[in-house]
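Novice: I'd like to ask some things about the structure below.
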Amino acid sequence: MFLPKYITKFSRWIGTAAALAGIVLLSGCFWLDGPQSTFDPSGPVARRQMDLFYTTCWVSLVIFVVVGSVLAYAMIKFRARGEADEHAEPPEQAHGNPLVEISLIGASVLSLVIIAIPTLSGIWYSFDVPVEDKADTYEITATGYQWWFKFDYLSETAQTLDPSGKLVNAPFSTANELVIPAGRPIHINLRTVDVIHSFWIPKLAGKVDMMPNRGNHLWLRSDKPGYFWGQCAEFCGESHAVMRFRVIALGPKEFNDWVNAQMAPARKVTLTAGTDAGQAKAQFAEYRAFRRNEAGYSNTFDVSPLDAWRAKQVPPATGENPALIQKGRELFAAKTCSSCHTVRGDGYIGVVGPELTHVGARSTIAAGLLENDRDELHRWIHAPNEVKPGNTMWVAGYLANGIKLTPEDEDALVNYLQSLK
Amino acid sequence: MEALAKTDFLAKGEQAAKPLVLWRPTAKTGLMGWLTTVDHKKIGFLYGISALFFFIFGGFEALLIRIQLAVPNNSFLTSAQYSEMFTMHGTTMIFLVVMPMGAAFFNFIMPLQIGARDVAFPRLNAFSFWTFLVGAIIVNLGWFMKDGAPDAGWFGYAPLTTRHFSPTHAIDMWVMGLQLLGVASIAAALNFIVTIINLRAPGMTMMRLPVFTWMTLFTSFLIVLSFPAITIALIEIMMDRLFGTNFFEVSNGGLPILWQHLFWIFGHPEVYILILPAMGIISEILPTFSRKPLFGYPIVVFSGASIGFLGFGVWSHHMFTTGMGTTATAAFALMTMAIAVPTGVKIFNWIGTLWNGHLTMRTPMMFAIGFLWMFMIGGLSGVMHSAAPSDAEQHGSYFIVAHFHYVLIGGSLFALFAGIHYWFPLMFGRRVSEFWGKASFWLVFIGFNVTFFPMHFLGMEGMPRRTFTYDGDMGWNVGNLISTVGAFILAIGVAVYFVTMIYTFFKGEVTTKDPWDARTLEWSLPNPPPEYNFRVIPTVHARDGWWYEKRHKGEIAKEEAEHAKAEDSHGGIHMPFQSIYPFLASVGILVGAIGVAVIDPANTTQYPGFWGPKVAVTILGGLIMFVSIVLWALEGNDGYHIHLNEDGSIKSEDFHSGH
């Protein structure tokens, strides 16, 4: 195609300029402080890792600008200008310049040394709790399951029934929401019962994998009380994308209160002034219907997730129906939920699925996926496969045992589980 | 063997038609021509067409992924479908697109660059292609079956790939397909190594080899040395799945970390297998379009060798989060940083090639310079990963996805696209339109960057990879949407590129010989080259042999005349016979692979004991393969001779002399 020379000349550069500008501008649109953003570290391990990232970023940027400028200069300065130039005698057939080569190799090695030193110190720092802090460490074991997380609190004990029915004291466990004391180093042993998972709380620490037959661990600390998002970061099957969890860091007093609440057996709701006796059957139409993979969160929750979590710790002032809750408790056994789930104090000791003794106090269910409110809990119980495709509760529970739940059943179970504060 | 072939099957004075199964096919066109070809140029073409066909597959898989991720909580694909998409997108693009595209160039161009008439083992070359095709079929069979396509990721981590967690045949097909692709690659690599070492024209010393040929050599060594590791890993997982062994069976003490080590000892050299050919192509294009030699040739060659060598020492940087301990993590971090040095050196030398040149911005040059920019970005994000503590946040996130797409698309694919444009006149005698070539470049360049640059940010904002959905309150919505839009721009660019190529193949402007005024020997041939390549095997006097020939025409003409007379008096140009057995052996492998991977084990009440359809089909396939190979050996490695007219057309073909 024949175009006037100046248009051809400019059009080459307009294209490049537009592309580069576009990239830069588009990137600026991003919100860098989302719930899982690594740009907003809230603990020393993540902060050390982010500092190293910035170091590599700066070194890379300098290299890119320097080398890129030379390349850009060469592209412009040495371009053949017009037809005549293209068929002219070729330029001097230079073969190389050893001095240039050696100095460039030296400069490359130097810039790598700048990255290597903080890399090495970072490797040692992030591996385990620093010696001076070891005494203060709080230990937890996190176990990955397809597709949820179990947390064993090794230094606490609670009363529970062992498989033979005897009352014993054992470290209690929770699921999917990791509550930790803020300001203390946390040593987390990482295990898995099935495939490889990875434990990642971006704002607190880089991930370490949970590998079968391998005793991995990581350590972290949350500087202050806070609420953090986490997610499994190694492909582990159909519901990998929806295997998430939350971390709640609390000050010493609040953490102690939480531990004591956890150690207690399941809450029982009896008839009092605040409860509704003999209430008419609940309207089931009030439960929302969800389409597959619809969002499980609401905007109000994100405004202050830590406050929302705190609100979940206390029972509601009104609205609990003891009769319905008791019916739910009975259905929990009748519908074989107890064969997989533990509810300490109600005599349910299943260990296949998440521990549910205080599930009503969690801000999310289904492994950090759904807000823990009546509609979402109903959604989960009603059609688990729509929420987490292939999940064990559906496949090995409902399908394998032909479990059917009527709307009344589901309503009773929702009320029961929500009462387990 | 030779004596056996000559006296038992080729009686003196008889024609090429031989006793029954040992007849040598002579069809040059039509279906039989293609099935029996041993011509490296035709085989290269077959590899290229297959790669471009699978590129469309892999591209669709990518678009479906991007549609699903365009908005949060999307239900365009189910999770199971999404797992198939990202698994097959990765497997297809790596094994069925970039590797065969590289093989296409190795096959077509490398023998021409060293002044040879074909590769050292022409029938083995054909076998490599047909076995590649069988592997490609096996890996994609799942799409047409109830079991579904492979869905455990392109690196298939155990124990997710054990029978317990992946009970269907989808993974069996993945394992078997990959195994066969490995067989094809290793056979081809051995062929190329022997060719480069043994079949160079007189005067073509190693330090006069074109850089593309050097990269062919290094890539072939990488293939031969790294594929055994994945071969072992695949055999182990296959034995776990079929025979109940416990390599990765966790409940019986198996160690999934072993799979990762074996896979990545292959997997890391594999990515250098993907990029070294690209670097070779760039090293040919930049000098041609700068009209000066490659800057620092010995250092560029040595860097290629260093990258290949050091590439075996960095594999666990894919495993920084597996809890290897401080010492191992530190060692691999430092080694990974070290390998950045030879890579950087190459970039400096390519820029040095441009320096003081006369740059002509034709389409191949634009893709090549685009490669330089994109590979810089991809390489630097790789350096960011090498800082292991930083990688603890980046691993398993979109930051990694961004990095490897920058080096694989911005690097390998740009170079391959450049190479197709560059060598199109040589291969097909037609020249691609500059306007459409540049249009496709800009669309691809812009689309690619809009797709993948945001992923750096998505990764650092905590978005894990291989996730079929995400919530809308994570801050990832804008980035994902932009990325999807970019993917469609990229798709349009690729479509324009493809349509341009297809159009040019049939109706493009016919070109003169050596339209780019290039430097290496392949351009001394007519476009397209005749079946026998060189009328006279050239004598090479310098690096950039063709550039020298063009400037010393008299000397070369005299040499050629002498050598032509000598070759003719020795019986003419020696050409290899075609053969059907490489193809038939691959058919046997296809049948056997279906037996192993697809058919259910016998129902023991119906088929008591060991036998059943699975075993029967496997044995049948094995028999077909075995008999084909035996006949392949028995038909002998003789060839025929051709005599040429002055203008290069074939005067006569002589099947008499047998050897």
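Chain lettering (A, B, ...) mirrors the order of the structure tokens, residue numbering begins at 1 for each chain separately, and ligand numbering begins at 1 in order of display.
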With 6 Å as the cut-off and only C-alpha atoms counted, what is the closest atom pair between each nearby residue of chain A and chain B? Distances in Å to one decimal, ordered by chain and number, as JSON lines.
Specialist:
```
{"residue": "A:Ala19", "atom": "CA", "partner": "B:Ile446", "partner_atom": "CA", "distance": 5.9}
{"residue": "A:Trp31", "atom": "CA", "partner": "B:Gly475", "partner_atom": "CA", "distance": 5.7}
{"residue": "A:Gly34", "atom": "CA", "partner": "B:Gly475", "partner_atom": "CA", "distance": 5.1}
{"residue": "A:Pro35", "atom": "CA", "partner": "B:Met474", "partner_atom": "CA", "distance": 5.8}
{"residue": "A:Gln36", "atom": "CA", "partner": "B:Gly462", "partner_atom": "CA", "distance": 4.8}
{"residue": "A:Ser37", "atom": "CA", "partner": "B:Glu461", "partner_atom": "CA", "distance": 3.7}
{"residue": "A:Thr38", "atom": "CA", "partner": "B:Glu461", "partner_atom": "CA", "distance": 5.6}
{"residue": "A:Gln49", "atom": "CA", "partner": "B:Ser390", "partner_atom": "CA", "distance": 4.9}
{"residue": "A:Phe53", "atom": "CA", "partner": "B:Ser390", "partner_atom": "CA", "distance": 5.4}
{"residue": "A:Thr56", "atom": "CA", "partner": "B:Met384", "partner_atom": "CA", "distance": 5.5}
{"residue": "A:Ser60", "atom": "CA", "partner": "B:Leu380", "partner_atom": "CA", "distance": 5.8}
{"residue": "A:Ala74", "atom": "CA", "partner": "B:Trp355", "partner_atom": "CA", "distance": 5.7}
{"residue": "A:Phe78", "atom": "CA", "partner": "B:His358", "partner_atom": "CA", "distance": 5.6}
{"residue": "A:Arg79", "atom": "CA", "partner": "B:Leu359", "partner_atom": "CA", "distance": 4.4}
{"residue": "A:Ala80", "atom": "CA", "partner": "B:His358", "partner_atom": "CA", "distance": 4.9}
{"residue": "A:Pro90", "atom": "CA", "partner": "B:Arg291", "partner_atom": "CA", "distance": 5.7}
{"residue": "A:Pro91", "atom": "CA", "partner": "B:Gly357", "partner_atom": "CA", "distance": 5.9}
{"residue": "A:Gln93", "atom": "CA", "partner": "B:Lys292", "partner_atom": "CA", "distance": 5.1}
{"residue": "A:His95", "atom": "CA", "partner": "B:Phe295", "partner_atom": "CA", "distance": 5.1}
{"residue": "A:Gly96", "atom": "CA", "partner": "B:Gly296", "partner_atom": "CA", "distance": 4.4}
{"residue": "A:Thr119", "atom": "CA", "partner": "B:Ala387", "partner_atom": "CA", "distance": 5.3}
{"residue": "A:Gly122", "atom": "CA", "partner": "B:Pro389", "partner_atom": "CA", "distance": 5.8}
{"residue": "A:Ile123", "atom": "CA", "partner": "B:Pro389", "partner_atom": "CA", "distance": 5.7}
{"residue": "A:Val195", "atom": "CA", "partner": "B:Pro159", "partner_atom": "CA", "distance": 5.5}
{"residue": "A:Gly206", "atom": "CA", "partner": "B:Glu393", "partner_atom": "CA", "distance": 4.3}
{"residue": "A:Lys207", "atom": "CA", "partner": "B:Ala392", "partner_atom": "CA", "distance": 5.3}
{"residue": "A:Val208", "atom": "CA", "partner": "B:Thr321", "partner_atom": "CA", "distance": 4.7}
{"residue": "A:Asp209", "atom": "CA", "partner": "B:Thr322", "partner_atom": "CA", "distance": 5.2}
{"residue": "A:Asn216", "atom": "CA", "partner": "B:Gly323", "partner_atom": "CA", "distance": 5.6}
{"residue": "A:Ala233", "atom": "CA", "partner": "B:Gly396", "partner_atom": "CA", "distance": 5.6}
{"residue": "A:Glu238", "atom": "CA", "partner": "B:Ser79", "partner_atom": "CA", "distance": 5.8}
{"residue": "A:Ala241", "atom": "CA", "partner": "B:Thr467", "partner_atom": "CA", "distance": 4.3}
{"residue": "A:Asn293", "atom": "CA", "partner": "B:Asn73", "partner_atom": "CA", "distance": 5.5}
{"residue": "A:Glu294", "atom": "CA", "partner": "B:Asn73", "partner_atom": "CA", "distance": 5.6}
{"residue": "A:Ala295", "atom": "CA", "partner": "B:Asn73", "partner_atom": "CA", "distance": 5.8}
```
Novice: Could you pull the residues within 8 Å of Ala188 (chain B), counting only C-alpha atoms, minus those fewer than 2 positions along the same chain, as a compact mmCIF listing (two decimals) with C-alpha atoms, in the first residue's frame?
Specialist:
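As a result, part30.txt now contains:
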```txt
# COMPACT_ATOMS: atom_id res chain seq x y z
CA LEU B 124 12.75 -42.45 11.54
CA ASN B 125 11.89 -38.84 10.78
CA SER B 128 8.46 -39.28 14.58
CA ALA B 184 8.19 -38.99 18.89
CA SER B 185 10.24 -36.12 20.28
CA ILE B 186 13.14 -38.29 21.39
CA LEU B 190 18.31 -38.13 18.04
CA ASN B 191 17.84 -37.77 14.30
CA PHE B 192 18.66 -34.07 14.36
CA SER B 220 17.62 -31.88 20.68
```
Novice: Between B:Gly554, B:Gly59, B:Pro202, B:Gly135, single out the one closest to Val175 (chain B), counting only C-alpha atoms.
Specialist: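 Of the candidates, the smallest distance to Val175 (chain B) is held by B:Gly135.
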Novice: Do you have the CA of Val271 (chain B)-CA of Asn107 (chain B) distance handy?
Specialist: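 The value is 19.9 Å.
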Novice: I'd like the contact shell of region 416-432 of chain B - 6 Å cut-off, only C-alpha atoms, skipping same-chain residues fewer than 6 positions apart - returned as a compact mmCIF listing (two decimals) with C-alpha atoms, in the first residue's frame.
Specialist:
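Output saved as out.txt:
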```txt
# COMPACT_ATOMS: atom_id res chain seq x y z
CA PRO B 364 9.26 -10.79 10.24
CA PHE B 367 7.58 -9.86 15.13
CA THR B 504 -0.99 -16.52 0.39
CA GLY B 508 0.00 -15.12 -2.95
CA GLU B 509 2.41 -13.08 -5.00
CA VAL B 510 5.00 -15.35 -6.53
CA THR B 511 8.42 -14.42 -5.27
CA ASN B 527 11.80 -21.20 -3.94
CA PRO B 528 10.33 -23.77 -3.25
```
Novice: Residues near Leu405 (chain A), anyone? I mean within 10 Å using only C-alpha atoms, not counting same-chain ones fewer than 5 positions away, as a PyMOL selection string.
Specialist: chain A and resi 331+335+381-382+398+410-411+413
Novice: Near Leu96 (chain B), counting only C-alpha atoms, which residues have an atom at most 12 Å away, once you skip same-chain residues fewer than 3 positions from it, shown as a VMD selection string?
Specialist: chain B and resid 47 to 59 88 to 93 99 to 104 129 132 to 140 177 to 178 180 to 182 184 to 185 274
Novice: Would you mind writing down, as a PyMOL selection string, each residue of region 140-373 of chain A that DSSP on the backbone assigns to strand (DSSP E or B)?
Specialist: chain A and resi 140-145+148-153+158-161+167-170+173-175+177-181+186-192+197-201+205-210+216-220+226-232+244-250+342-343+348-349+364-365+370-371
Novice: Excluding same-chain residues fewer than 4 positions from Thr174 (chain A), what lies within 8 Å of it counting only C-alpha atoms, as number ranges by chain?
Specialist: A: 150-152, 178, 354-356
Novice: Write to file, as a PDB file, in the first residue's frame, the residues of the selection just made, with N, CA and C atoms.
Specialist:
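Listed below is the output, out.pdb:
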```
ATOM      1  N   LYS A 150      -9.606 -27.931  58.016  1.00  0.00           N
ATOM      2  CA  LYS A 150      -9.847 -28.236  59.426  1.00  0.00           C
ATOM      3  C   LYS A 150      -8.730 -27.604  60.231  1.00  0.00           C
ATOM      4  N   PHE A 151      -9.069 -27.040  61.374  1.00  0.00           N
ATOM      5  CA  PHE A 151      -8.052 -26.423  62.230  1.00  0.00           C
ATOM      6  C   PHE A 151      -8.094 -27.076  63.595  1.00  0.00           C
ATOM      7  N   ASP A 152      -6.973 -27.689  64.010  1.00  0.00           N
ATOM      8  CA  ASP A 152      -6.863 -28.321  65.332  1.00  0.00           C
ATOM      9  C   ASP A 152      -6.082 -27.399  66.243  1.00  0.00           C
ATOM     10  N   LEU A 178     -10.238 -19.645  60.771  1.00  0.00           N
ATOM     11  CA  LEU A 178      -9.106 -19.777  61.670  1.00  0.00           C
ATOM     12  C   LEU A 178      -9.060 -18.546  62.560  1.00  0.00           C
ATOM     13  N   PRO A 354     -16.629 -31.045  58.324  1.00  0.00           N
ATOM     14  CA  PRO A 354     -16.256 -30.004  59.288  1.00  0.00           C
ATOM     15  C   PRO A 354     -16.995 -30.145  60.622  1.00  0.00           C
ATOM     16  N   GLU A 355     -16.281 -29.743  61.657  1.00  0.00           N
ATOM     17  CA  GLU A 355     -16.805 -29.709  63.005  1.00  0.00           C
ATOM     18  C   GLU A 355     -17.857 -28.606  63.085  1.00  0.00           C
ATOM     19  N   LEU A 356     -19.005 -28.917  63.693  1.00  0.00           N
ATOM     20  CA  LEU A 356     -20.095 -27.939  63.644  1.00  0.00           C
ATOM     21  C   LEU A 356     -20.570 -27.474  65.021  1.00  0.00           C
TER      22      LEU A 356
END
```
Novice: For Leu234 (chain B), work out the shell of residues within 10 Å, counting only C-alpha atoms and skipping chain neighbours fewer than 6 positions away, then give it as a PyMOL selection string.
Specialist: chain B and resi 156+172+174-176+178-179+228+240+259+262-263
Novice: Next, write the just-selected residues to a file, as a PDB file, in the first residue's frame, keeping N, CA, C and O atoms as the atom set.
Specialist:
```
ATOM      1  N   GLY B 156      -0.474 -32.466  35.844  1.00  0.00           N
ATOM      2  CA  GLY B 156      -0.996 -33.700  36.396  1.00  0.00           C
ATOM      3  C   GLY B 156      -0.431 -34.148  37.733  1.00  0.00           C
ATOM      4  O   GLY B 156       0.080 -35.251  37.864  1.00  0.00           O
ATOM      5  N   ASP B 172      -5.820 -41.668  31.973  1.00  0.00           N
ATOM      6  CA  ASP B 172      -5.080 -42.714  31.253  1.00  0.00           C
ATOM      7  C   ASP B 172      -4.708 -42.209  29.861  1.00  0.00           C
ATOM      8  O   ASP B 172      -3.599 -42.433  29.372  1.00  0.00           O
ATOM      9  N   TRP B 174      -4.376 -39.104  28.946  1.00  0.00           N
ATOM     10  CA  TRP B 174      -3.358 -38.053  29.080  1.00  0.00           C
ATOM     11  C   TRP B 174      -1.982 -38.663  29.228  1.00  0.00           C
ATOM     12  O   TRP B 174      -1.033 -38.289  28.521  1.00  0.00           O
ATOM     13  N   VAL B 175      -1.877 -39.679  30.118  1.00  0.00           N
ATOM     14  CA  VAL B 175      -0.583 -40.310  30.373  1.00  0.00           C
ATOM     15  C   VAL B 175      -0.056 -40.973  29.101  1.00  0.00           C
ATOM     16  O   VAL B 175       1.095 -40.778  28.702  1.00  0.00           O
ATOM     17  N   MET B 176      -0.922 -41.744  28.442  1.00  0.00           N
ATOM     18  CA  MET B 176      -0.478 -42.482  27.253  1.00  0.00           C
ATOM     19  C   MET B 176      -0.124 -41.525  26.135  1.00  0.00           C
ATOM     20  O   MET B 176       0.889 -41.699  25.451  1.00  0.00           O
ATOM     21  N   LEU B 178       0.887 -38.403  26.299  1.00  0.00           N
ATOM     22  CA  LEU B 178       2.144 -37.716  26.587  1.00  0.00           C
ATOM     23  C   LEU B 178       3.332 -38.650  26.385  1.00  0.00           C
ATOM     24  O   LEU B 178       4.380 -38.252  25.875  1.00  0.00           O
ATOM     25  N   GLN B 179       3.162 -39.892  26.760  1.00  0.00           N
ATOM     26  CA  GLN B 179       4.248 -40.860  26.611  1.00  0.00           C
ATOM     27  C   GLN B 179       4.628 -40.989  25.137  1.00  0.00           C
ATOM     28  O   GLN B 179       5.795 -40.994  24.773  1.00  0.00           O
ATOM     29  N   PRO B 228      13.416 -38.586  29.388  1.00  0.00           N
ATOM     30  CA  PRO B 228      13.400 -39.796  30.232  1.00  0.00           C
ATOM     31  C   PRO B 228      12.793 -39.567  31.609  1.00  0.00           C
ATOM     32  O   PRO B 228      12.136 -40.459  32.142  1.00  0.00           O
ATOM     33  N   ASP B 240       0.673 -47.373  38.732  1.00  0.00           N
ATOM     34  CA  ASP B 240      -0.223 -47.182  39.863  1.00  0.00           C
ATOM     35  C   ASP B 240      -1.672 -47.368  39.425  1.00  0.00           C
ATOM     36  O   ASP B 240      -2.465 -48.028  40.090  1.00  0.00           O
ATOM     37  N   TRP B 259       6.515 -37.299  42.270  1.00  0.00           N
ATOM     38  CA  TRP B 259       5.976 -36.940  40.961  1.00  0.00           C
ATOM     39  C   TRP B 259       6.460 -35.552  40.570  1.00  0.00           C
ATOM     40  O   TRP B 259       6.879 -35.311  39.445  1.00  0.00           O
ATOM     41  N   LEU B 262      10.173 -35.520  39.500  1.00  0.00           N
ATOM     42  CA  LEU B 262      10.369 -36.131  38.183  1.00  0.00           C
ATOM     43  C   LEU B 262       9.779 -35.254  37.087  1.00  0.00           C
ATOM     44  O   LEU B 262      10.384 -35.037  36.046  1.00  0.00           O
ATOM     45  N   PHE B 263       8.563 -34.758  37.321  1.00  0.00           N
ATOM     46  CA  PHE B 263       7.928 -33.956  36.291  1.00  0.00           C
ATOM     47  C   PHE B 263       8.729 -32.707  35.988  1.00  0.00           C
ATOM     48  O   PHE B 263       8.937 -32.349  34.834  1.00  0.00           O
TER      49      PHE B 263
END
```
Novice: Looking at only C-alpha atoms, which of B:Gly304, B:Ala149, B:Gly486, B:Pro269 is the one that sits closest to Thr213 (chain B)?
Specialist: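 Nearest candidate to Thr213 (chain B) out of B:Gly304, B:Ala149, B:Gly486, B:Pro269: B:Gly304.
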Novice: From the set B:Leu521, B:Leu242, B:Ile489, B:Ile230, which residue has the shortest atom-to-atom contact distance to Trp547 (chain B), counting only C-alpha atoms?
Specialist: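 For Trp547 (chain B), the nearest of the given residues is B:Leu521.
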Novice: What's the separation between CA of Thr87 (chain B) and CA of Phe404 (chain B), in Å to one decimal place?
Specialist: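 Between CA of Thr87 (chain B) and CA of Phe404 (chain B) the gap works out to 15.2 Å.
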Novice: In Å, how far is it from CA of Asp654 (chain B) to CA of His570 (chain B)?
Specialist: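 Separating CA of Asp654 (chain B) from CA of His570 (chain B) is a distance of 12.5 Å.
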